[in-house]
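This is entry.pdb (PDB, C-alpha atoms).
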ATOM      1  CA  MET A   1       0.764 117.380 -97.514  1.00  0.00           C
ATOM      2  CA  SER A   2      -2.426 118.428 -95.766  1.00  0.00           C
ATOM      3  CA  GLY A   3      -4.509 116.275 -93.490  1.00  0.00           C
ATOM      4  CA  ILE A   4      -6.342 115.856 -90.231  1.00  0.00           C
ATOM      5  CA  ILE A   5      -6.453 113.550 -87.211  1.00  0.00           C
ATOM      6  CA  GLY A   6      -9.500 111.389 -86.589  1.00  0.00           C
ATOM      7  CA  LYS A   7     -10.926 108.456 -84.713  1.00  0.00           C
ATOM      8  CA  LYS A   8     -12.317 105.305 -86.308  1.00  0.00           C
ATOM      9  CA  VAL A   9     -16.004 104.884 -85.437  1.00  0.00           C
ATOM     10  CA  GLY A  10     -16.663 101.629 -87.301  1.00  0.00           C
ATOM     11  CA  MET A  11     -17.615 100.102 -90.635  1.00  0.00           C
ATOM     12  CA  THR A  12     -20.854 100.089 -92.577  1.00  0.00           C
ATOM     13  CA  SER A  13     -21.967  99.921 -96.204  1.00  0.00           C
ATOM     14  CA  ILE A  14     -23.930 102.143 -98.565  1.00  0.00           C
ATOM     15  CA  PHE A  15     -25.396 101.740-102.033  1.00  0.00           C
ATOM     16  CA  SER A  16     -23.778 103.668-104.864  1.00  0.00           C
ATOM     17  CA  ALA A  17     -25.658 105.415-107.666  1.00  0.00           C
ATOM     18  CA  ASP A  18     -25.329 102.334-109.889  1.00  0.00           C
ATOM     19  CA  GLY A  19     -26.700 100.015-107.182  1.00  0.00           C
ATOM     20  CA  ARG A  20     -23.437  98.518-105.899  1.00  0.00           C
ATOM     21  CA  ASN A  21     -23.097  97.815-102.191  1.00  0.00           C
ATOM     22  CA  VAL A  22     -19.905  99.638-101.139  1.00  0.00           C
ATOM     23  CA  ALA A  23     -18.118  98.800 -97.872  1.00  0.00           C
ATOM     24  CA  CYS A  24     -16.992 101.966 -96.098  1.00  0.00           C
ATOM     25  CA  THR A  25     -15.571 103.244 -92.826  1.00  0.00           C
ATOM     26  CA  LEU A  26     -17.007 106.019 -90.670  1.00  0.00           C
ATOM     27  CA  ILE A  27     -14.337 108.324 -89.193  1.00  0.00           C
ATOM     28  CA  GLU A  28     -14.773 111.149 -86.715  1.00  0.00           C
ATOM     29  CA  ALA A  29     -12.318 113.629 -88.248  1.00  0.00           C
ATOM     30  CA  GLY A  30     -11.500 116.599 -86.064  1.00  0.00           C
ATOM     31  CA  PRO A  31     -12.022 119.275 -85.036  1.00  0.00           C
ATOM     32  CA  CYS A  32      -8.256 119.639 -84.578  1.00  0.00           C
ATOM     33  CA  VAL A  33      -6.414 122.541 -82.967  1.00  0.00           C
ATOM     34  CA  VAL A  34      -3.262 124.074 -84.426  1.00  0.00           C
ATOM     35  CA  THR A  35      -0.706 123.780 -81.623  1.00  0.00           C
ATOM     36  CA  GLN A  36       2.413 124.823 -83.553  1.00  0.00           C
ATOM     37  CA  VAL A  37       3.239 126.430 -86.902  1.00  0.00           C
ATOM     38  CA  LYS A  38       6.746 125.805 -88.259  1.00  0.00           C
ATOM     39  CA  ASN A  39       8.442 127.766 -91.042  1.00  0.00           C
ATOM     40  CA  VAL A  40      11.677 127.739 -93.009  1.00  0.00           C
ATOM     41  CA  GLU A  41      13.207 130.672 -91.132  1.00  0.00           C
ATOM     42  CA  THR A  42      13.028 129.155 -87.640  1.00  0.00           C
ATOM     43  CA  ASP A  43      12.696 125.401 -88.226  1.00  0.00           C
ATOM     44  CA  GLY A  44      14.120 124.774 -91.701  1.00  0.00           C
ATOM     45  CA  TYR A  45      10.852 123.544 -93.180  1.00  0.00           C
ATOM     46  CA  ASN A  46       7.146 124.371 -93.301  1.00  0.00           C
ATOM     47  CA  ALA A  47       4.792 122.318 -91.166  1.00  0.00           C
ATOM     48  CA  VAL A  48       1.632 122.518 -89.104  1.00  0.00           C
ATOM     49  CA  GLN A  49       1.188 120.591 -85.855  1.00  0.00           C
ATOM     50  CA  LEU A  50      -2.385 119.519 -85.110  1.00  0.00           C
ATOM     51  CA  ALA A  51      -3.779 118.092 -81.865  1.00  0.00           C
ATOM     52  CA  TYR A  52      -6.955 116.068 -81.331  1.00  0.00           C
ATOM     53  CA  GLY A  53      -8.820 114.301 -78.516  1.00  0.00           C
ATOM     54  CA  GLU A  54      -9.375 115.628 -75.005  1.00  0.00           C
ATOM     55  CA  ARG A  55      -7.010 114.549 -72.240  1.00  0.00           C
ATOM     56  CA  LYS A  56      -7.092 115.071 -68.478  1.00  0.00           C
ATOM     57  CA  GLU A  57      -4.595 117.647 -67.286  1.00  0.00           C
ATOM     58  CA  LYS A  58      -3.503 115.468 -64.359  1.00  0.00           C
ATOM     59  CA  ASN A  59      -2.416 112.769 -66.842  1.00  0.00           C
ATOM     60  CA  THR A  60      -0.502 115.192 -69.073  1.00  0.00           C
ATOM     61  CA  PRO A  61       3.251 115.885 -68.671  1.00  0.00           C
ATOM     62  CA  LYS A  62       3.964 119.465 -67.580  1.00  0.00           C
ATOM     63  CA  PRO A  63       6.012 120.352 -70.696  1.00  0.00           C
ATOM     64  CA  LEU A  64       3.018 119.373 -72.845  1.00  0.00           C
ATOM     65  CA  ILE A  65       0.631 121.377 -70.645  1.00  0.00           C
ATOM     66  CA  GLY A  66       2.740 124.462 -71.314  1.00  0.00           C
ATOM     67  CA  HIS A  67       2.861 123.629 -75.025  1.00  0.00           C
ATOM     68  CA  PHE A  68      -0.946 123.458 -75.222  1.00  0.00           C
ATOM     69  CA  LYS A  69      -1.436 126.591 -73.101  1.00  0.00           C
ATOM     70  CA  LYS A  70       0.758 128.500 -75.528  1.00  0.00           C
ATOM     71  CA  ALA A  71      -1.745 127.585 -78.243  1.00  0.00           C
ATOM     72  CA  GLY A  72      -4.639 128.538 -75.945  1.00  0.00           C
ATOM     73  CA  THR A  73      -6.185 125.070 -75.824  1.00  0.00           C
ATOM     74  CA  THR A  74      -6.765 122.224 -73.385  1.00  0.00           C
ATOM     75  CA  PRO A  75      -4.477 119.140 -73.267  1.00  0.00           C
ATOM     76  CA  LYS A  76      -4.959 116.735 -76.194  1.00  0.00           C
ATOM     77  CA  HIS A  77      -4.299 113.040 -76.677  1.00  0.00           C
ATOM     78  CA  LYS A  78      -2.904 112.902 -80.207  1.00  0.00           C
ATOM     79  CA  VAL A  79      -0.399 115.340 -81.718  1.00  0.00           C
ATOM     80  CA  VAL A  80       0.647 114.987 -85.376  1.00  0.00           C
ATOM     81  CA  GLU A  81       2.801 117.153 -87.620  1.00  0.00           C
ATOM     82  CA  PHE A  82       1.839 117.677 -91.264  1.00  0.00           C
ATOM     83  CA  ARG A  83       4.701 118.918 -93.429  1.00  0.00           C
ATOM     84  CA  ASP A  84       4.050 121.406 -96.246  1.00  0.00           C
ATOM     85  CA  PHE A  85       0.383 121.987 -95.398  1.00  0.00           C
ATOM     86  CA  ARG A  86      -1.686 122.815 -98.460  1.00  0.00           C
ATOM     87  CA  VAL A  87      -0.978 126.145-100.204  1.00  0.00           C
ATOM     88  CA  GLU A  88      -4.488 127.575 -99.800  1.00  0.00           C
ATOM     89  CA  PHE A  89      -4.063 127.360 -96.011  1.00  0.00           C
ATOM     90  CA  GLU A  90      -0.962 129.581 -96.084  1.00  0.00           C
ATOM     91  CA  GLY A  91      -1.476 132.319 -93.523  1.00  0.00           C
ATOM     92  CA  GLN A  92      -4.786 130.867 -92.325  1.00  0.00           C
ATOM     93  CA  VAL A  93      -3.457 128.188 -89.980  1.00  0.00           C
ATOM     94  CA  ASN A  94      -2.609 130.432 -87.052  1.00  0.00           C
ATOM     95  CA  LEU A  95      -1.689 129.164 -83.609  1.00  0.00           C
ATOM     96  CA  GLY A  96      -4.824 128.064 -81.750  1.00  0.00           C
ATOM     97  CA  ALA A  97      -6.994 127.926 -84.880  1.00  0.00           C
ATOM     98  CA  THR A  98      -9.464 125.061 -85.369  1.00  0.00           C
ATOM     99  CA  VAL A  99      -9.247 122.865 -88.460  1.00  0.00           C
ATOM    100  CA  LYS A 100     -12.303 120.833 -89.480  1.00  0.00           C
ATOM    101  CA  ALA A 101     -12.705 118.004 -91.960  1.00  0.00           C
ATOM    102  CA  GLY A 102     -14.961 120.035 -94.261  1.00  0.00           C
ATOM    103  CA  GLU A 103     -12.209 122.634 -94.658  1.00  0.00           C
ATOM    104  CA  VAL A 104      -9.562 120.095 -95.694  1.00  0.00           C
ATOM    105  CA  PHE A 105     -11.480 117.509 -97.763  1.00  0.00           C
ATOM    106  CA  VAL A 106     -14.313 117.562-100.274  1.00  0.00           C
ATOM    107  CA  GLU A 107     -16.463 114.673-101.424  1.00  0.00           C
ATOM    108  CA  GLY A 108     -14.725 112.682-104.139  1.00  0.00           C
ATOM    109  CA  ASP A 109     -11.196 113.295-102.820  1.00  0.00           C
ATOM    110  CA  PHE A 110      -8.746 110.400-102.612  1.00  0.00           C
ATOM    111  CA  ILE A 111      -7.007 110.245 -99.236  1.00  0.00           C
ATOM    112  CA  ASP A 112      -4.500 108.023 -97.420  1.00  0.00           C
ATOM    113  CA  ALA A 113      -5.285 106.601 -93.974  1.00  0.00           C
ATOM    114  CA  ILE A 114      -2.555 105.794 -91.438  1.00  0.00           C
ATOM    115  CA  GLY A 115      -3.288 103.743 -88.347  1.00  0.00           C
ATOM    116  CA  THR A 116      -1.996 100.980 -86.080  1.00  0.00           C
ATOM    117  CA  SER A 117      -3.261  97.558 -87.130  1.00  0.00           C
ATOM    118  CA  LYS A 118      -4.946  95.239 -84.655  1.00  0.00           C
ATOM    119  CA  GLY A 119      -2.495  93.222 -82.590  1.00  0.00           C
ATOM    120  CA  LYS A 120      -2.892  89.444 -83.010  1.00  0.00           C
ATOM    121  CA  GLY A 121      -0.244  88.266 -80.531  1.00  0.00           C
ATOM    122  CA  PHE A 122       2.162  85.430 -81.317  1.00  0.00           C
ATOM    123  CA  GLN A 123       0.902  83.624 -84.441  1.00  0.00           C
ATOM    124  CA  GLY A 124       2.104  80.733 -86.583  1.00  0.00           C
ATOM    125  CA  VAL A 125       3.212  80.824 -90.210  1.00  0.00           C
ATOM    126  CA  VAL A 126      -0.211  79.889 -91.618  1.00  0.00           C
ATOM    127  CA  LYS A 127      -1.940  82.925 -90.107  1.00  0.00           C
ATOM    128  CA  ARG A 128       1.074  85.255 -90.224  1.00  0.00           C
ATOM    129  CA  HIS A 129       2.395  84.560 -93.745  1.00  0.00           C
ATOM    130  CA  GLY A 130      -0.322  82.522 -95.423  1.00  0.00           C
ATOM    131  CA  PHE A 131       1.611  79.249 -95.559  1.00  0.00           C
ATOM    132  CA  GLY A 132      -0.313  76.190 -96.690  1.00  0.00           C
ATOM    133  CA  GLY A 133       0.976  73.838 -94.022  1.00  0.00           C
ATOM    134  CA  VAL A 134       3.052  70.689 -94.585  1.00  0.00           C
ATOM    135  CA  GLY A 135       1.462  68.468 -97.238  1.00  0.00           C
ATOM    136  CA  GLY A 136      -1.741  66.549 -96.614  1.00  0.00           C
ATOM    137  CA  GLN A 137      -2.865  64.460 -93.696  1.00  0.00           C
ATOM    138  CA  THR A 138      -1.801  61.092 -95.128  1.00  0.00           C
ATOM    139  CA  HIS A 139       1.546  59.370 -95.845  1.00  0.00           C
ATOM    140  CA  GLY A 140       2.487  59.226 -92.210  1.00  0.00           C
ATOM    141  CA  GLN A 141       1.924  62.907 -91.425  1.00  0.00           C
ATOM    142  CA  HIS A 142       1.237  63.469 -87.749  1.00  0.00           C
ATOM    143  CA  ASN A 143       0.494  66.829 -86.138  1.00  0.00           C
ATOM    144  CA  ARG A 144       2.235  68.752 -88.935  1.00  0.00           C
ATOM    145  CA  GLN A 145      -0.700  70.385 -90.745  1.00  0.00           C
ATOM    146  CA  ARG A 146       0.229  73.968 -89.714  1.00  0.00           C
ATOM    147  CA  HIS A 147       3.993  73.584 -89.272  1.00  0.00           C
ATOM    148  CA  PRO A 148       6.510  75.757 -91.163  1.00  0.00           C
ATOM    149  CA  GLY A 149       8.471  72.916 -92.762  1.00  0.00           C
ATOM    150  CA  SER A 150      12.169  73.221 -93.562  1.00  0.00           C
ATOM    151  CA  ILE A 151      13.945  76.467 -92.645  1.00  0.00           C
ATOM    152  CA  GLY A 152      17.223  75.730 -94.427  1.00  0.00           C
ATOM    153  CA  ALA A 153      19.805  73.150 -95.506  1.00  0.00           C
ATOM    154  CA  CYS A 154      22.283  71.290 -93.277  1.00  0.00           C
ATOM    155  CA  SER A 155      26.061  71.535 -93.774  1.00  0.00           C
ATOM    156  CA  TRP A 156      25.668  74.493 -96.107  1.00  0.00           C
ATOM    157  CA  PRO A 157      24.931  77.246 -95.255  1.00  0.00           C
ATOM    158  CA  SER A 158      24.949  75.915 -91.668  1.00  0.00           C
ATOM    159  CA  ARG A 159      22.683  78.764 -90.620  1.00  0.00           C
ATOM    160  CA  VAL A 160      19.223  80.190 -91.168  1.00  0.00           C
ATOM    161  CA  PHE A 161      19.086  83.008 -93.701  1.00  0.00           C
ATOM    162  CA  LYS A 162      18.058  86.432 -92.425  1.00  0.00           C
ATOM    163  CA  GLY A 163      14.454  87.310 -93.206  1.00  0.00           C
ATOM    164  CA  MET A 164      13.224  83.702 -93.034  1.00  0.00           C
ATOM    165  CA  ARG A 165       9.476  83.845 -92.554  1.00  0.00           C
ATOM    166  CA  MET A 166       8.640  82.227 -89.239  1.00  0.00           C
ATOM    167  CA  ALA A 167       6.090  82.433 -86.444  1.00  0.00           C
ATOM    168  CA  GLY A 168       6.107  85.568 -84.316  1.00  0.00           C
ATOM    169  CA  ARG A 169       4.295  88.643 -83.093  1.00  0.00           C
ATOM    170  CA  THR A 170       1.666  89.693 -85.601  1.00  0.00           C
ATOM    171  CA  GLY A 171      -0.150  92.992 -86.030  1.00  0.00           C
ATOM    172  CA  GLY A 172       0.288  96.158 -84.026  1.00  0.00           C
ATOM    173  CA  ASP A 173       2.179  97.784 -86.910  1.00  0.00           C
ATOM    174  CA  ARG A 174       1.855 101.232 -88.474  1.00  0.00           C
ATOM    175  CA  VAL A 175      -0.089 100.670 -91.703  1.00  0.00           C
ATOM    176  CA  LYS A 176      -0.846 103.146 -94.491  1.00  0.00           C
ATOM    177  CA  VAL A 177      -3.767 102.458 -96.839  1.00  0.00           C
ATOM    178  CA  LEU A 178      -3.691 104.472-100.060  1.00  0.00           C
ATOM    179  CA  ASN A 179      -6.371 106.018-102.252  1.00  0.00           C
ATOM    180  CA  LEU A 180      -9.548 105.758-100.197  1.00  0.00           C
ATOM    181  CA  ARG A 181     -12.339 107.839-101.717  1.00  0.00           C
ATOM    182  CA  VAL A 182     -14.281 110.293 -99.545  1.00  0.00           C
ATOM    183  CA  LEU A 183     -17.871 109.262-100.172  1.00  0.00           C
ATOM    184  CA  LYS A 184     -19.684 111.609 -97.806  1.00  0.00           C
ATOM    185  CA  ILE A 185     -18.862 114.470 -95.433  1.00  0.00           C
ATOM    186  CA  TYR A 186     -21.137 115.244 -92.479  1.00  0.00           C
ATOM    187  CA  ALA A 187     -19.677 118.642 -91.578  1.00  0.00           C
ATOM    188  CA  GLU A 188     -21.881 119.344 -88.547  1.00  0.00           C
ATOM    189  CA  GLN A 189     -20.983 116.020 -86.892  1.00  0.00           C
ATOM    190  CA  ASN A 190     -17.317 116.128 -88.086  1.00  0.00           C
ATOM    191  CA  LEU A 191     -17.777 112.729 -89.741  1.00  0.00           C
ATOM    192  CA  LEU A 192     -16.221 111.308 -92.908  1.00  0.00           C
ATOM    193  CA  LEU A 193     -17.441 108.284 -94.811  1.00  0.00           C
ATOM    194  CA  VAL A 194     -14.581 106.734 -96.804  1.00  0.00           C
ATOM    195  CA  SER A 195     -14.579 103.694 -99.068  1.00  0.00           C
ATOM    196  CA  GLY A 196     -12.847 100.529 -97.924  1.00  0.00           C
ATOM    197  CA  SER A 197     -11.274  99.599 -94.615  1.00  0.00           C
ATOM    198  CA  VAL A 198      -8.986 101.580 -92.328  1.00  0.00           C
ATOM    199  CA  PRO A 199      -6.318  99.980 -90.095  1.00  0.00           C
ATOM    200  CA  GLY A 200      -6.976  99.548 -86.389  1.00  0.00           C
ATOM    201  CA  PRO A 201      -9.847  98.714 -84.031  1.00  0.00           C
ATOM    202  CA  LYS A 202     -12.825 100.926 -83.233  1.00  0.00           C
ATOM    203  CA  ASN A 203     -12.018 104.157 -81.372  1.00  0.00           C
ATOM    204  CA  SER A 204      -8.382 104.045 -82.532  1.00  0.00           C
ATOM    205  CA  TYR A 205      -6.696 107.182 -83.854  1.00  0.00           C
ATOM    206  CA  VAL A 206      -6.123 107.502 -87.589  1.00  0.00           C
ATOM    207  CA  ILE A 207      -4.231 110.107 -89.605  1.00  0.00           C
ATOM    208  CA  LEU A 208      -5.874 111.189 -92.852  1.00  0.00           C
ATOM    209  CA  GLU A 209      -3.650 112.722 -95.525  1.00  0.00           C
ATOM    210  CA  LYS A 210      -4.487 114.267 -98.878  1.00  0.00           C
TER     211      LYS A 210
END
Could I get this structure in the form of structure tokens?
Amino acid sequence: MSGIIGKKVGMTSIFSADGRNVACTLIEAGPCVVTQVKNVETDGYNAVQLAYGERKEKNTPKPLIGHFKKAGTTPKHKVVEFRDFRVEFEGQVNLGATVKAGEVFVEGDFIDAIGTSKGKGFQGVVKRHGFGGVGGQTHGQHNRQRHPGSIGACSWPSRVFKGMRMAGRTGGDRVKVLNLRVLKIYAEQNLLLVSGSVPGPKNSYVILEK
């Protein structure tokens, strides 16, 4: 699995060759620094650890400062490990090397985007689970339009089943969106234009995997 760390810039739309208006997301992907290279002999598996996003040294824990200095780079915000990095990078991803989006992806690739969805706070069942509410507004209904309705029977089972969909904290979850097409790569600006939407607000970190 090869990939790169990026930051969501925002959404826009472009016209395809056949005239369709395609919604897409602009992502600042890299450049990332290789901060650790793992192998089967020492770690039991092959992996590459990438770091992205500048961070003040005074706000960085001392163990991490030493970790970054070993790779010959400044402290970074986001550190992600990619297991079994692509075969053609074997021997090229040395400690302290820089990995750019143009080296990992090409236009037309299908990639997966991982991010943290926007937090919505405590929400009811209509917004959280798509419930339709309790009936209409007639037949004596009063202030029940967005209520959950029954959550179980009475004497049996005398409890609420586990997994019952109720109101609660919504969003703020790790979400993976599959098969987004890379529409355009702006190598000089380290920008990727991918089809569809990517989880999270603007300026949030996203992990792109191939």
* Nearest candidate to Asn21 of chain A (options A:Lys162, A:Ser195, A:Asp84, A:Lys69; using only C-alpha atoms) ->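 For Asn21 of chain A, the nearest of the given residues is A:Ser195.
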* Asked: Between atom CA of Gly3 of chain A and atom CA of Val198 of chain A, what is the distance, to one decimal in Å?
  -> 15.4 Å
* Could you check how far atom CA of Gly136 of chain A sits from atom CA of Arg159 of chain A, in Å to one decimal? =>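 Value for the atom CA of Gly136 of chain A-atom CA of Arg159 of chain A distance: 28.0 Å.
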* In Å, rounded to a single decimal, give me how far atom CA of His147 of chain A is from atom CA of Met166 of chain A. =>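 Interatomic distance, atom CA of Met166 of chain A to atom CA of His147 of chain A: 9.8 Å.
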* Give me the residues within 8 Å of segment 54-63 of chain A as number ranges by chain, counting only C-alpha atoms and dropping any in the same chain fewer than 4 places off. => A: 67, 74-77
* To do: Skip Val80 of chain A itself and residues of its chain fewer than 3 positions away, then list as JSON, numbers by chain all residues within 7 Å of it, counting all atoms listed in the file.
  => {"A": [49, 50, 51]}
* Evaluate the PyMOL selection byres ((chain A and resi 71) around 10) and report residues as JSON, numbers by chain -> {"A": [33, 34, 35, 36, 66, 67, 68, 69, 70, 72, 73, 74, 94, 95, 96, 97]}
* **Test item: residues at most 12 Å from Lys127 of chain A, all atoms listed in the file, excluding those fewer than 2 positions along its chain, as a PyMOL selection string** => chain A and resi 120-125+129-133+146-148+165-171
With C-alpha atoms retained, export the selected residues as a PDB file, in the frame of the given file.
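Once written, part21.pdb looks like this:
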ATOM      1  CA  LYS A 120      -2.892  89.444 -83.010  1.00  0.00           C
ATOM      2  CA  GLY A 121      -0.244  88.266 -80.531  1.00  0.00           C
ATOM      3  CA  PHE A 122       2.162  85.430 -81.317  1.00  0.00           C
ATOM      4  CA  GLN A 123       0.902  83.624 -84.441  1.00  0.00           C
ATOM      5  CA  GLY A 124       2.104  80.733 -86.583  1.00  0.00           C
ATOM      6  CA  VAL A 125       3.212  80.824 -90.210  1.00  0.00           C
ATOM      7  CA  HIS A 129       2.395  84.560 -93.745  1.00  0.00           C
ATOM      8  CA  GLY A 130      -0.322  82.522 -95.423  1.00  0.00           C
ATOM      9  CA  PHE A 131       1.611  79.249 -95.559  1.00  0.00           C
ATOM     10  CA  GLY A 132      -0.313  76.190 -96.690  1.00  0.00           C
ATOM     11  CA  GLY A 133       0.976  73.838 -94.022  1.00  0.00           C
ATOM     12  CA  ARG A 146       0.229  73.968 -89.714  1.00  0.00           C
ATOM     13  CA  HIS A 147       3.993  73.584 -89.272  1.00  0.00           C
ATOM     14  CA  PRO A 148       6.510  75.757 -91.163  1.00  0.00           C
ATOM     15  CA  ARG A 165       9.476  83.845 -92.554  1.00  0.00           C
ATOM     16  CA  MET A 166       8.640  82.227 -89.239  1.00  0.00           C
ATOM     17  CA  ALA A 167       6.090  82.433 -86.444  1.00  0.00           C
ATOM     18  CA  GLY A 168       6.107  85.568 -84.316  1.00  0.00           C
ATOM     19  CA  ARG A 169       4.295  88.643 -83.093  1.00  0.00           C
ATOM     20  CA  THR A 170       1.666  89.693 -85.601  1.00  0.00           C
ATOM     21  CA  GLY A 171      -0.150  92.992 -86.030  1.00  0.00           C
TER      22      GLY A 171
END
* Test item: residues at most 12 Å from Tyr205 of chain A, only C-alpha atoms, excluding those fewer than 2 positions along its chain, as number ranges by chain -> A: 4-10, 27-30, 51-53, 77-80, 113-117, 174, 198-203, 207-208
* Evaluate the PyMOL selection byres ((chain A and resi 152) around 12) and report residues as a ChimeraX atom specification -> /A:148-151,153-166
